[in-house]
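J.: Supplied structure: query-v6.txt, compact mmCIF, C-alpha atoms and all ligand atoms.
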```
# COMPACT_ATOMS: atom_id res chain seq x y z
CA MET A 27 7.12 73.32 -10.83
CA THR A 28 4.38 75.86 -11.59
CA ASN A 29 5.66 79.38 -10.91
CA GLU A 30 2.44 80.66 -9.49
CA VAL A 31 2.06 80.45 -5.71
CA GLN A 32 -1.55 79.53 -4.94
CA ASN A 33 -3.50 81.33 -2.25
CA VAL A 34 -5.15 78.12 -1.10
CA ILE A 35 -4.59 74.50 -1.97
CA ILE A 36 -7.23 72.11 -0.74
CA ILE A 37 -6.29 68.45 -0.43
CA GLY A 38 -9.29 66.15 -0.78
CA SER A 39 -12.62 66.21 -2.60
CA GLY A 40 -15.14 64.90 -0.08
CA PRO A 41 -17.74 67.20 1.53
CA ALA A 42 -15.07 69.01 3.60
CA GLY A 43 -12.83 69.78 0.62
CA LEU A 44 -15.68 70.76 -1.69
CA THR A 45 -17.29 73.03 0.89
CA ALA A 46 -13.93 74.65 1.61
CA ALA A 47 -13.63 75.18 -2.16
CA VAL A 48 -17.07 76.85 -2.43
CA TYR A 49 -16.26 79.25 0.41
CA ALA A 50 -12.67 79.96 -0.69
CA ALA A 51 -13.77 80.50 -4.30
CA ARG A 52 -16.57 82.86 -3.28
CA ALA A 53 -13.95 84.82 -1.34
CA ASN A 54 -12.06 85.26 -4.65
CA LEU A 55 -9.15 83.13 -3.49
CA ARG A 56 -9.22 80.98 -6.67
CA PRO A 57 -8.54 77.73 -4.81
CA LEU A 58 -6.78 74.75 -6.33
CA LEU A 59 -8.33 71.49 -5.20
CA ILE A 60 -6.36 68.26 -5.50
CA GLU A 61 -8.88 65.45 -5.67
CA GLY A 62 -6.90 62.60 -4.12
CA ALA A 63 -6.75 58.88 -4.78
CA GLN A 64 -10.45 58.31 -4.04
CA ALA A 65 -12.04 61.37 -5.63
CA GLY A 66 -15.23 62.30 -3.81
CA GLY A 67 -14.20 60.47 -0.66
CA GLN A 68 -16.28 58.08 1.38
CA LEU A 69 -19.64 59.27 -0.02
CA MET A 70 -18.65 57.67 -3.32
CA ILE A 71 -19.08 54.25 -1.68
CA THR A 72 -22.32 55.18 0.05
CA THR A 73 -25.70 54.56 -1.54
CA GLU A 74 -28.59 56.64 -0.30
CA VAL A 75 -27.95 59.59 2.02
CA GLU A 76 -31.08 60.56 3.92
CA ASN A 77 -29.64 62.73 6.67
CA TYR A 78 -28.01 65.50 4.64
CA PRO A 79 -30.19 68.60 5.11
CA GLY A 80 -31.82 70.01 2.01
CA PHE A 81 -32.65 66.68 0.37
CA PRO A 82 -36.01 65.66 1.86
CA ASP A 83 -36.24 62.62 -0.42
CA GLY A 84 -32.63 61.56 0.13
CA ILE A 85 -29.83 61.62 -2.41
CA GLN A 86 -27.28 59.07 -3.61
CA GLY A 87 -23.81 59.67 -2.14
CA PRO A 88 -22.06 60.08 -5.53
CA GLN A 89 -24.82 62.44 -6.71
CA LEU A 90 -24.40 64.62 -3.61
CA ILE A 91 -20.68 64.88 -4.36
CA LEU A 92 -21.41 65.77 -7.98
CA GLU A 93 -23.75 68.58 -6.89
CA MET A 94 -21.14 69.94 -4.46
CA LYS A 95 -18.48 69.76 -7.16
CA LYS A 96 -20.68 71.67 -9.64
CA GLN A 97 -21.20 74.37 -7.03
CA ALA A 98 -17.44 74.68 -6.41
CA GLU A 99 -16.78 74.81 -10.18
CA ARG A 100 -19.34 77.55 -10.63
CA PHE A 101 -17.20 79.86 -8.49
CA GLU A 102 -13.95 78.99 -10.29
CA THR A 103 -12.30 76.32 -8.26
CA THR A 104 -9.57 74.61 -10.27
CA PHE A 105 -9.75 70.84 -9.91
CA LEU A 106 -6.66 68.73 -10.27
CA THR A 107 -6.94 64.98 -10.71
CA GLY A 108 -4.16 63.30 -8.80
CA ASP A 109 -2.89 62.29 -5.43
CA VAL A 110 -0.55 64.31 -3.25
CA THR A 111 2.51 62.14 -2.76
CA SER A 112 4.66 64.43 -0.60
CA VAL A 113 4.42 67.72 1.24
CA ASP A 114 6.86 70.13 2.82
CA LEU A 115 5.19 72.09 5.58
CA SER A 116 8.44 73.35 7.10
CA LYS A 117 8.23 76.76 5.42
CA ARG A 118 5.79 78.99 3.58
CA PRO A 119 4.88 78.83 0.80
CA PHE A 120 4.18 75.15 1.43
CA THR A 121 5.26 72.72 -1.29
CA LEU A 122 3.23 69.77 -2.54
CA VAL A 123 4.14 67.11 -5.05
CA VAL A 124 1.30 65.46 -6.98
CA ASP A 125 1.68 61.92 -8.35
CA GLY A 126 5.41 62.10 -7.68
CA GLU A 127 6.05 64.58 -10.48
CA ARG A 128 4.12 67.86 -10.45
CA THR A 129 5.04 70.43 -7.79
CA TYR A 130 2.75 73.14 -6.44
CA GLN A 131 3.17 75.88 -3.86
CA ALA A 132 0.60 77.50 -1.60
CA ARG A 133 0.38 80.25 0.98
CA THR A 134 -2.28 78.28 2.85
CA LEU A 135 -3.23 74.66 2.85
CA ILE A 136 -6.54 73.07 3.82
CA ILE A 137 -6.17 69.38 4.55
CA CYS A 138 -9.38 67.42 3.94
CA SER A 139 -7.84 64.06 3.13
CA GLY A 140 -10.50 62.21 5.14
CA ALA A 141 -10.43 58.85 6.80
CA ARG A 142 -11.26 55.36 5.75
CA ALA A 143 -13.04 52.59 7.55
CA LYS A 144 -10.77 49.65 8.17
CA LEU A 145 -12.05 46.70 6.25
CA LEU A 146 -11.63 42.95 6.53
CA GLY A 147 -9.89 42.72 3.18
CA ILE A 148 -12.05 40.05 1.57
CA GLU A 149 -13.15 40.41 -2.05
CA SER A 150 -16.89 40.07 -1.39
CA GLU A 151 -16.79 42.91 1.15
CA SER A 152 -15.75 45.54 -1.41
CA ARG A 153 -17.98 44.05 -4.12
CA LEU A 154 -21.07 44.31 -1.86
CA MET A 155 -20.17 47.61 -0.18
CA GLY A 156 -23.30 49.78 -0.31
CA HIS A 157 -25.37 46.70 -1.22
CA GLY A 158 -25.78 45.12 2.20
CA VAL A 159 -22.24 45.71 3.43
CA SER A 160 -21.71 48.99 5.26
CA ALA A 161 -19.11 50.62 7.45
CA CYS A 162 -21.49 53.18 8.95
CA ALA A 163 -24.61 52.30 10.94
CA THR A 164 -25.61 55.96 11.36
CA CYS A 165 -25.61 56.33 7.57
CA ASP A 166 -27.19 53.06 6.54
CA GLY A 167 -28.97 51.51 9.55
CA PHE A 168 -32.33 52.80 8.44
CA PHE A 169 -32.21 50.66 5.30
CA PHE A 170 -32.12 47.51 7.40
CA ARG A 171 -35.49 47.97 9.06
CA GLY A 172 -36.89 44.55 9.90
CA LYS A 173 -33.75 42.75 8.71
CA GLU A 174 -31.25 40.73 10.72
CA VAL A 175 -27.70 42.03 10.55
CA PHE A 176 -24.16 41.23 11.65
CA VAL A 177 -21.78 43.73 13.21
CA VAL A 178 -18.12 42.74 12.98
CA GLY A 179 -15.78 43.98 15.72
CA GLY A 180 -15.51 44.18 19.49
CA GLY A 181 -14.57 47.81 20.20
CA ASP A 182 -16.70 50.81 21.15
CA THR A 183 -17.65 51.48 17.53
CA ALA A 184 -18.97 47.94 17.03
CA ILE A 185 -20.95 47.98 20.26
CA GLU A 186 -22.30 51.47 19.65
CA GLU A 187 -23.33 50.48 16.12
CA ALA A 188 -24.93 47.26 17.40
CA ASN A 189 -26.97 49.21 19.94
CA PHE A 190 -27.97 51.77 17.31
CA LEU A 191 -28.98 49.09 14.81
CA THR A 192 -31.45 47.53 17.25
CA ARG A 193 -33.68 50.55 16.50
CA PHE A 194 -34.29 49.01 13.09
CA SER A 195 -33.25 45.40 13.23
CA PRO A 196 -35.02 42.67 15.21
CA GLN A 197 -31.72 40.80 15.74
CA VAL A 198 -28.19 42.16 15.67
CA THR A 199 -25.38 39.64 16.00
CA VAL A 200 -21.94 40.88 16.97
CA ILE A 201 -19.23 38.71 15.45
CA HIS A 202 -15.98 39.13 17.37
CA ARG A 203 -12.65 37.43 16.78
CA ARG A 204 -11.93 36.99 20.51
CA ASP A 205 -14.03 36.02 23.53
CA LYS A 206 -13.71 39.43 25.21
CA LEU A 207 -14.85 42.81 24.03
CA ARG A 208 -12.46 45.71 23.79
CA ALA A 209 -15.34 48.18 24.24
CA SER A 210 -15.72 50.19 27.45
CA LYS A 211 -17.51 48.47 30.33
CA ILE A 212 -20.50 50.78 30.22
CA MET A 213 -21.06 50.12 26.50
CA GLN A 214 -20.64 46.37 27.02
CA ASP A 215 -23.20 46.33 29.86
CA LYS A 216 -25.68 48.19 27.71
CA ALA A 217 -25.22 45.71 24.88
CA PHE A 218 -25.42 42.65 27.15
CA ARG A 219 -28.70 43.99 28.54
CA ASN A 220 -30.18 44.54 25.08
CA PRO A 221 -32.29 41.48 24.20
CA LYS A 222 -31.94 42.17 20.48
CA ILE A 223 -28.13 41.81 20.57
CA LYS A 224 -26.50 38.39 20.36
CA PHE A 225 -22.76 37.62 20.40
CA VAL A 226 -20.76 35.07 18.46
CA TRP A 227 -17.27 34.78 19.96
CA ASP A 228 -13.90 33.67 18.59
CA THR A 229 -15.25 33.98 15.10
CA GLU A 230 -14.40 35.77 11.90
CA VAL A 231 -16.43 36.50 8.80
CA SER A 232 -14.46 34.71 6.13
CA ASP A 233 -16.82 35.43 3.25
CA ILE A 234 -19.95 37.47 2.49
CA LEU A 235 -22.41 35.87 0.10
CA GLY A 236 -24.71 37.35 -2.50
CA GLU A 237 -24.63 38.71 -6.03
CA GLY A 238 -26.46 42.06 -6.22
CA THR A 239 -27.09 42.20 -2.48
CA VAL A 240 -26.01 40.39 0.69
CA THR A 241 -27.80 37.10 1.30
CA GLY A 242 -25.49 35.34 3.75
CA ALA A 243 -22.06 34.97 5.29
CA VAL A 244 -19.51 32.29 6.00
CA LEU A 245 -18.31 32.29 9.60
CA LYS A 246 -15.18 30.60 10.84
CA ASN A 247 -14.65 29.65 14.47
CA LEU A 248 -11.04 30.55 15.14
CA LYS A 249 -10.67 28.04 17.99
CA SER A 250 -12.15 24.96 16.34
CA GLY A 251 -11.46 25.97 12.73
CA GLU A 252 -15.05 25.02 11.84
CA THR A 253 -16.86 27.03 9.20
CA SER A 254 -20.58 27.54 8.83
CA GLN A 255 -22.81 29.31 6.36
CA THR A 256 -25.64 31.49 7.60
CA HIS A 257 -28.40 33.61 6.10
CA ILE A 258 -28.01 37.36 6.79
CA GLU A 259 -29.06 40.52 4.93
CA GLY A 260 -26.62 43.07 6.28
CA VAL A 261 -23.00 43.11 7.44
CA PHE A 262 -21.66 46.17 9.24
CA ILE A 263 -17.89 46.29 9.45
CA ALA A 264 -16.94 48.19 12.61
CA ILE A 265 -13.29 47.39 13.19
CA GLY A 266 -12.09 50.99 13.42
CA HIS A 267 -11.20 53.93 11.20
CA GLU A 268 -7.91 55.23 9.96
CA PRO A 269 -7.32 58.88 9.11
CA ASN A 270 -5.46 59.51 5.86
CA THR A 271 -2.52 61.27 7.48
CA ALA A 272 0.51 59.14 6.57
CA LEU A 273 1.64 62.00 4.32
CA PHE A 274 1.81 64.49 7.18
CA LYS A 275 3.36 62.31 9.88
CA GLY A 276 6.32 64.02 11.52
CA GLN A 277 5.35 67.40 10.04
CA ILE A 278 2.11 68.25 11.83
CA ASP A 279 0.72 67.42 15.27
CA LEU A 280 -1.36 64.25 15.23
CA ASP A 281 -3.19 62.67 18.16
CA ASP A 282 -2.34 59.17 19.36
CA ARG A 283 -4.72 57.65 16.77
CA GLY A 284 -3.18 59.62 13.90
CA TYR A 285 -5.90 62.29 13.49
CA ILE A 286 -4.72 65.86 12.85
CA LYS A 287 -5.07 67.96 15.98
CA THR A 288 -7.04 71.16 15.49
CA GLN A 289 -7.50 73.92 18.02
CA PRO A 290 -10.98 73.46 19.54
CA GLY A 291 -13.65 75.44 17.75
CA THR A 292 -11.37 76.24 14.79
CA SER A 293 -9.64 74.48 11.90
CA TYR A 294 -6.20 75.73 12.98
CA THR A 295 -3.46 73.10 13.19
CA ASN A 296 -0.15 73.71 14.98
CA ILE A 297 1.31 75.09 11.73
CA PRO A 298 0.28 78.67 10.88
CA GLY A 299 -1.35 78.62 7.45
CA VAL A 300 -2.26 74.93 7.54
CA PHE A 301 -5.90 74.13 8.34
CA ALA A 302 -7.69 70.81 8.63
CA ALA A 303 -11.33 69.90 8.11
CA GLY A 304 -13.53 66.83 7.90
CA ASP A 305 -12.82 63.31 9.02
CA VAL A 306 -9.04 63.75 8.95
CA GLN A 307 -9.39 65.71 12.20
CA ASP A 308 -12.62 64.19 13.53
CA PRO A 309 -12.62 60.78 15.19
CA THR A 310 -16.01 61.47 16.78
CA TYR A 311 -18.79 62.60 14.44
CA ARG A 312 -17.55 61.55 10.99
CA GLN A 313 -20.67 62.74 9.14
CA ALA A 314 -20.90 64.40 5.72
CA ILE A 315 -22.62 67.39 7.29
CA THR A 316 -19.97 67.87 10.00
CA ALA A 317 -17.25 67.52 7.35
CA ALA A 318 -18.95 70.19 5.24
CA GLY A 319 -19.30 72.44 8.29
CA THR A 320 -15.63 72.21 9.20
CA GLY A 321 -14.70 72.70 5.51
CA CYS A 322 -16.53 76.03 5.66
CA MET A 323 -14.66 76.92 8.87
CA ALA A 324 -11.30 76.10 7.27
CA ALA A 325 -11.94 78.33 4.23
CA ILE A 326 -12.93 81.24 6.48
CA ASP A 327 -9.88 80.62 8.69
CA ALA A 328 -7.61 80.52 5.62
CA GLU A 329 -9.14 83.71 4.22
CA ARG A 330 -8.56 85.55 7.52
CA PHE A 331 -5.03 84.18 7.74
CA LEU A 332 -4.24 85.49 4.24
CA GLU A 333 -5.69 88.86 5.18
CA SER A 334 -3.47 88.95 8.25
CA LEU A 335 -0.44 88.18 6.06
CA GLU A 336 -1.32 91.07 3.77
CA SER A 337 -1.70 93.45 6.67
CA GLY A 338 1.63 92.25 8.02
CA GLU A 339 0.17 90.60 11.12
CA GLY A 340 0.80 87.01 9.94
CA HIS A 341 3.19 84.79 11.84
P1 LIG B 1 -10.90 49.73 18.23
O1 LIG B 1 -11.08 50.13 19.67
O2 LIG B 1 -9.54 49.67 17.67
O3 LIG B 1 -11.58 48.30 18.09
C1 LIG B 1 -11.53 47.61 16.89
C2 LIG B 1 -12.20 46.26 17.11
O4 LIG B 1 -12.22 45.59 15.87
C3 LIG B 1 -11.47 45.38 18.12
O5 LIG B 1 -12.38 44.65 18.89
C4 LIG B 1 -10.65 44.48 17.21
O6 LIG B 1 -10.47 43.17 17.73
C5 LIG B 1 -11.53 44.35 15.97
N1 LIG B 1 -10.75 44.15 14.78
C6 LIG B 1 -9.71 44.90 14.33
N2 LIG B 1 -9.27 44.43 13.15
C7 LIG B 1 -10.02 43.34 12.87
C8 LIG B 1 -10.06 42.44 11.80
N3 LIG B 1 -9.21 42.53 10.77
N4 LIG B 1 -10.97 41.44 11.83
C9 LIG B 1 -11.85 41.34 12.86
N5 LIG B 1 -11.87 42.18 13.91
C10 LIG B 1 -10.97 43.17 13.91
O7 LIG B 1 -11.74 50.67 17.23
P2 LIG B 1 -13.13 51.41 17.48
O8 LIG B 1 -14.10 50.50 18.11
O9 LIG B 1 -13.49 52.03 16.18
O10 LIG B 1 -12.75 52.56 18.49
C11 LIG B 1 -11.73 53.49 18.16
C12 LIG B 1 -11.60 54.49 19.30
O11 LIG B 1 -12.76 55.33 19.33
C13 LIG B 1 -11.49 53.84 20.67
O12 LIG B 1 -10.63 54.61 21.46
C14 LIG B 1 -12.90 53.94 21.20
O13 LIG B 1 -12.95 53.96 22.62
C15 LIG B 1 -13.37 55.27 20.61
N6 LIG B 1 -14.83 55.26 20.44
C16 LIG B 1 -15.59 55.70 21.49
C17 LIG B 1 -16.95 55.70 21.37
C18 LIG B 1 -17.75 56.19 22.52
O14 LIG B 1 -17.21 56.39 23.58
N7 LIG B 1 -19.03 56.44 22.35
C19 LIG B 1 -17.58 55.22 20.22
C20 LIG B 1 -16.79 54.76 19.18
C21 LIG B 1 -15.42 54.77 19.32
P3 LIG B 1 -9.54 42.91 19.03
O15 LIG B 1 -10.34 43.40 20.18
O16 LIG B 1 -9.32 41.45 18.99
O17 LIG B 1 -8.30 43.71 18.77
```
Rewrite the coordinates I just gave you, this time as structure tokens.
T.:
Amino acid sequence: MTNEVQNVIIIGSGPAGLTAAVYAARANLRPLLIEGAQAGGQLMITTEVENYPGFPDGIQGPQLILEMKKQAERFETTFLTGDVTSVDLSKRPFTLVVDGERTYQARTLIICSGARAKLLGIESESRLMGHGVSACATCDGFFFRGKEVFVVGGGDTAIEEANFLTRFSPQVTVIHRRDKLRASKIMQDKAFRNPKIKFVWDTEVSDILGEGTVTGAVLKNLKSGETSQTHIEGVFIAIGHEPNTALFKGQIDLDDRGYIKTQPGTSYTNIPGVFAAGDVQDPTYRQAITAAGTGCMAAIDAERFLESLESGEGH
């Protein structure tokens, strides 16, 4: 165990974690940032980002992360490569174990461990991610202007993404594994009324074809067992998201989908001194810019909390 108790430990190195680091470092808190299993977060599997303010010509996801990281380093954030494998939030200072062996302690903790899109689990899907396969229509829809695309899933996300994609795509086909949508009635009605949306029922995508970029997909009818190959240029996987909160289960309040609950308008969790920012507490917006914004909030909240401890007002 390191003897030093950190002022702030930030878990996660996506836009929320890196923004929290910039703010905490500029407040002289000398934050320690633990990068996590997928350093850089979801932007590392995104290609071009065109909706992050300040980059009028767009920027590649990994490049945006690199720029944010440089900015956090400039103000003396310490970066630690590794994954937090256990935490004890029952008393302050909080204790964290990294990679099962190194132990750290912190007066405040900012959780920015993010979320991940659920994926189908086929090899071609990860190989072509960012090259025709996407898990975010808001991020990538624009790149499919004039191209026909598939959306996989039957929940609100899939139907919302299908509707959104019709702004760019002449034909959006929703591929759903059952013959009924899970999405809310109002979203379903909107999709059924949209002439650009077509449905293929009782069907799964069993393979995505293409070398450098998506050129087609293999569909399997789950009732008849028949497979067919079809030409397509984009596949949006919209089968839900999972917050990365397994580590905190039983120690911090989570909502019924596993997202960390924060007090509205703040980054405060139910545990004094523990703050959450980014997708780990946001099932709704899930954008790099909203993650960065809440990362800023969390650093300011942590700074004020530390000040209140010093002045003896802390809980
Ligand atoms: P969801 O409601 O869990 O739906 C996931 C969909 O993906 C289901 O249709 C499911 O099929 C399908 N699916 C799951 N695993 C699959 C797999 N391995 N292969 C193929 N299909 C698979 O997730 P969501 O749509 O992301 O919504 C999550 C929550 O956010 C919901 O509460 C939703 O109401 C809410 N939300 C609301 C809005 C809105 O109101 N504007 C927008 C987005 C999300 P089955 O139906 O067969 O299980």
J.: In Å, rounded to a single decimal, give me how far atom CA of Gly284 of chain A is from atom CA of Glu268 of chain A.
T.: 7.6 Å
J.: Using only C-alpha atoms and all ligand atoms, which residues of the polymer chains come no farther than 7 Å from ligand LIG 1 (chain B)? I'd like the answer as an MDAnalysis selection string.
T.: chainID A and resid 145:146 178:184 186 202:204 207:210 230 264:267 309
J.: For atom CA of Val48 of chain A and atom CA of Ser293 of chain A, quote the distance in Å rounded to one decimal.
T.: 16.3 Å
J.: Rounded to one decimal, what separation in Å do you get between atom CA of Leu55 of chain A and atom CA of Glu102 of chain A?
T.: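 We find that atom CA of Leu55 of chain A and atom CA of Glu102 of chain A lie 9.3 Å from each other.
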J.: Would you kindly return, as number ranges by chain, each protein, DNA or RNA residue with an atom no farther than 7 Å from any atom of Val110 of chain A, considering all atoms listed in the file and excluding same-chain residues fewer than 4 positions away?
T.: A: 62, 122-125
J.: Would you list the residues near (-27.0, 44.9, 22.6), meaning any protein, DNA or RNA residue with an atom at most 9 Å from that point in file coordinates, counting all atoms listed in the file, as a list in words?
T.: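 Every polymer residue passing the test: Ile185, Glu186, Ala188, Asn189, Phe190, Thr192, Val198, Thr199, Val200, Met213, Gln214, Asp215, Lys216, Ala217, Phe218, Arg219, Asn220, Pro221, Lys222, Ile223, Lys224 and Phe225 of chain A.
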J.: Produce a file of the selected residues containing C-alpha atoms, as a PDB file, in the frame of the given file.
T.:
```
ATOM      1  CA  ILE A 185     -20.950  47.980  20.260  1.00  0.00           C
ATOM      2  CA  GLU A 186     -22.300  51.470  19.650  1.00  0.00           C
ATOM      3  CA  ALA A 188     -24.930  47.260  17.400  1.00  0.00           C
ATOM      4  CA  ASN A 189     -26.970  49.210  19.940  1.00  0.00           C
ATOM      5  CA  PHE A 190     -27.970  51.770  17.310  1.00  0.00           C
ATOM      6  CA  THR A 192     -31.450  47.530  17.250  1.00  0.00           C
ATOM      7  CA  VAL A 198     -28.190  42.160  15.670  1.00  0.00           C
ATOM      8  CA  THR A 199     -25.380  39.640  16.000  1.00  0.00           C
ATOM      9  CA  VAL A 200     -21.940  40.880  16.970  1.00  0.00           C
ATOM     10  CA  MET A 213     -21.060  50.120  26.500  1.00  0.00           C
ATOM     11  CA  GLN A 214     -20.640  46.370  27.020  1.00  0.00           C
ATOM     12  CA  ASP A 215     -23.200  46.330  29.860  1.00  0.00           C
ATOM     13  CA  LYS A 216     -25.680  48.190  27.710  1.00  0.00           C
ATOM     14  CA  ALA A 217     -25.220  45.710  24.880  1.00  0.00           C
ATOM     15  CA  PHE A 218     -25.420  42.650  27.150  1.00  0.00           C
ATOM     16  CA  ARG A 219     -28.700  43.990  28.540  1.00  0.00           C
ATOM     17  CA  ASN A 220     -30.180  44.540  25.080  1.00  0.00           C
ATOM     18  CA  PRO A 221     -32.290  41.480  24.200  1.00  0.00           C
ATOM     19  CA  LYS A 222     -31.940  42.170  20.480  1.00  0.00           C
ATOM     20  CA  ILE A 223     -28.130  41.810  20.570  1.00  0.00           C
ATOM     21  CA  LYS A 224     -26.500  38.390  20.360  1.00  0.00           C
ATOM     22  CA  PHE A 225     -22.760  37.620  20.400  1.00  0.00           C
TER      23      PHE A 225
END
```
J.: Could you pull the residues within 7 Å of Ile258 of chain A, counting all atoms listed in the file, minus those fewer than 2 positions along the same chain, as a CSV table (one decimal) with C-alpha atoms, keeping the file's coordinate frame?
T.:
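This is the output file selection-v7.csv:
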```csv
chain,number,residue,atom,x,y,z
A,174,GLU,CA,-31.2,40.7,10.7
A,175,VAL,CA,-27.7,42.0,10.6
A,241,THR,CA,-27.8,37.1,1.3
A,242,GLY,CA,-25.5,35.3,3.8
A,243,ALA,CA,-22.1,35.0,5.3
A,256,THR,CA,-25.6,31.5,7.6
A,260,GLY,CA,-26.6,43.1,6.3
```
J.: Excluding Phe101 of chain A and its own-chain neighbours fewer than 3 positions away, which residues fall within 12 Å of it when counting only C-alpha atoms? Please give them as a list in words.
T.: Leu44, Thr45, Ala46, Ala47, Val48, Tyr49, Ala50, Ala51, Arg52, Ala53, Asn54, Leu55, Arg56, Pro57, Leu58, Met94, Lys95, Lys96, Gln97, Ala98, Thr104 and Phe105 of chain A
J.: Save out the residues we just selected, C-alpha atoms, as an mmCIF file, in the coordinates of the input.
T.:
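That gives us result.cif:
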```
data_model
loop_
_atom_site.group_PDB
_atom_site.id
_atom_site.type_symbol
_atom_site.label_atom_id
_atom_site.label_comp_id
_atom_site.auth_asym_id
_atom_site.auth_seq_id
_atom_site.Cartn_x
_atom_site.Cartn_y
_atom_site.Cartn_z
ATOM 1 C CA LEU A 44 -15.680 70.760 -1.690
ATOM 2 C CA THR A 45 -17.290 73.030 0.890
ATOM 3 C CA ALA A 46 -13.930 74.650 1.610
ATOM 4 C CA ALA A 47 -13.630 75.180 -2.160
ATOM 5 C CA VAL A 48 -17.070 76.850 -2.430
ATOM 6 C CA TYR A 49 -16.260 79.250 0.410
ATOM 7 C CA ALA A 50 -12.670 79.960 -0.690
ATOM 8 C CA ALA A 51 -13.770 80.500 -4.300
ATOM 9 C CA ARG A 52 -16.570 82.860 -3.280
ATOM 10 C CA ALA A 53 -13.950 84.820 -1.340
ATOM 11 C CA ASN A 54 -12.060 85.260 -4.650
ATOM 12 C CA LEU A 55 -9.150 83.130 -3.490
ATOM 13 C CA ARG A 56 -9.220 80.980 -6.670
ATOM 14 C CA PRO A 57 -8.540 77.730 -4.810
ATOM 15 C CA LEU A 58 -6.780 74.750 -6.330
ATOM 16 C CA MET A 94 -21.140 69.940 -4.460
ATOM 17 C CA LYS A 95 -18.480 69.760 -7.160
ATOM 18 C CA LYS A 96 -20.680 71.670 -9.640
ATOM 19 C CA GLN A 97 -21.200 74.370 -7.030
ATOM 20 C CA ALA A 98 -17.440 74.680 -6.410
ATOM 21 C CA THR A 104 -9.570 74.610 -10.270
ATOM 22 C CA PHE A 105 -9.750 70.840 -9.910
#
```
J.: Of the residues A:Gln131, A:Thr229, A:Gly140, A:Phe81, which is the one nearest to Ala65 of chain A, using only C-alpha atoms?
T.: A:Gly140
J.: Using only C-alpha atoms, pick whichever of A:Ile85, A:Met155, A:Ile297, A:Leu191 has the shortest atom-to-atom distance to Gly172 of chain A.
T.: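 Checking each of A:Ile85, A:Met155, A:Ile297, A:Leu191 against Gly172 of chain A, counting only C-alpha atoms, the winner is A:Leu191.
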J.: Set the distance at 8 Å and use all atoms listed in the file: which residues neighbour Leu106 of chain A once local chain neighbours fewer than 4 positions away are removed? I'd like the list as a count of residues only.
T.: 4
J.: Using all atoms listed in the file, which protein or nucleic acid residues come within 10 Å of Asn296 of chain A? Drop anything in the same chain fewer than 5 positions from it, and give the result as an MDAnalysis selection string.
T.: chainID A and resid 277:280 286:289 301
J.: Taking only C-alpha atoms into account, name the residue in A:Thr103, A:Asn77, A:Thr239, A:Gln313 that is nearest to Glu151 of chain A.
T.: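 The answer is A:Thr239, which sits nearest to Glu151 of chain A.
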J.: Considering only C-alpha atoms, can you say which of A:Leu248, A:Ala141, A:Ala42, A:Val226 comes closest to Val177 of chain A?
T.: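 Smallest separation from Val177 of chain A among the options: A:Val226.
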J.: Ranking A:Ile148, A:Asp205, A:Thr164, A:Pro119 by minimum distance to Val244 of chain A and counting all atoms listed in the file, which one comes first?
T.: A:Ile148
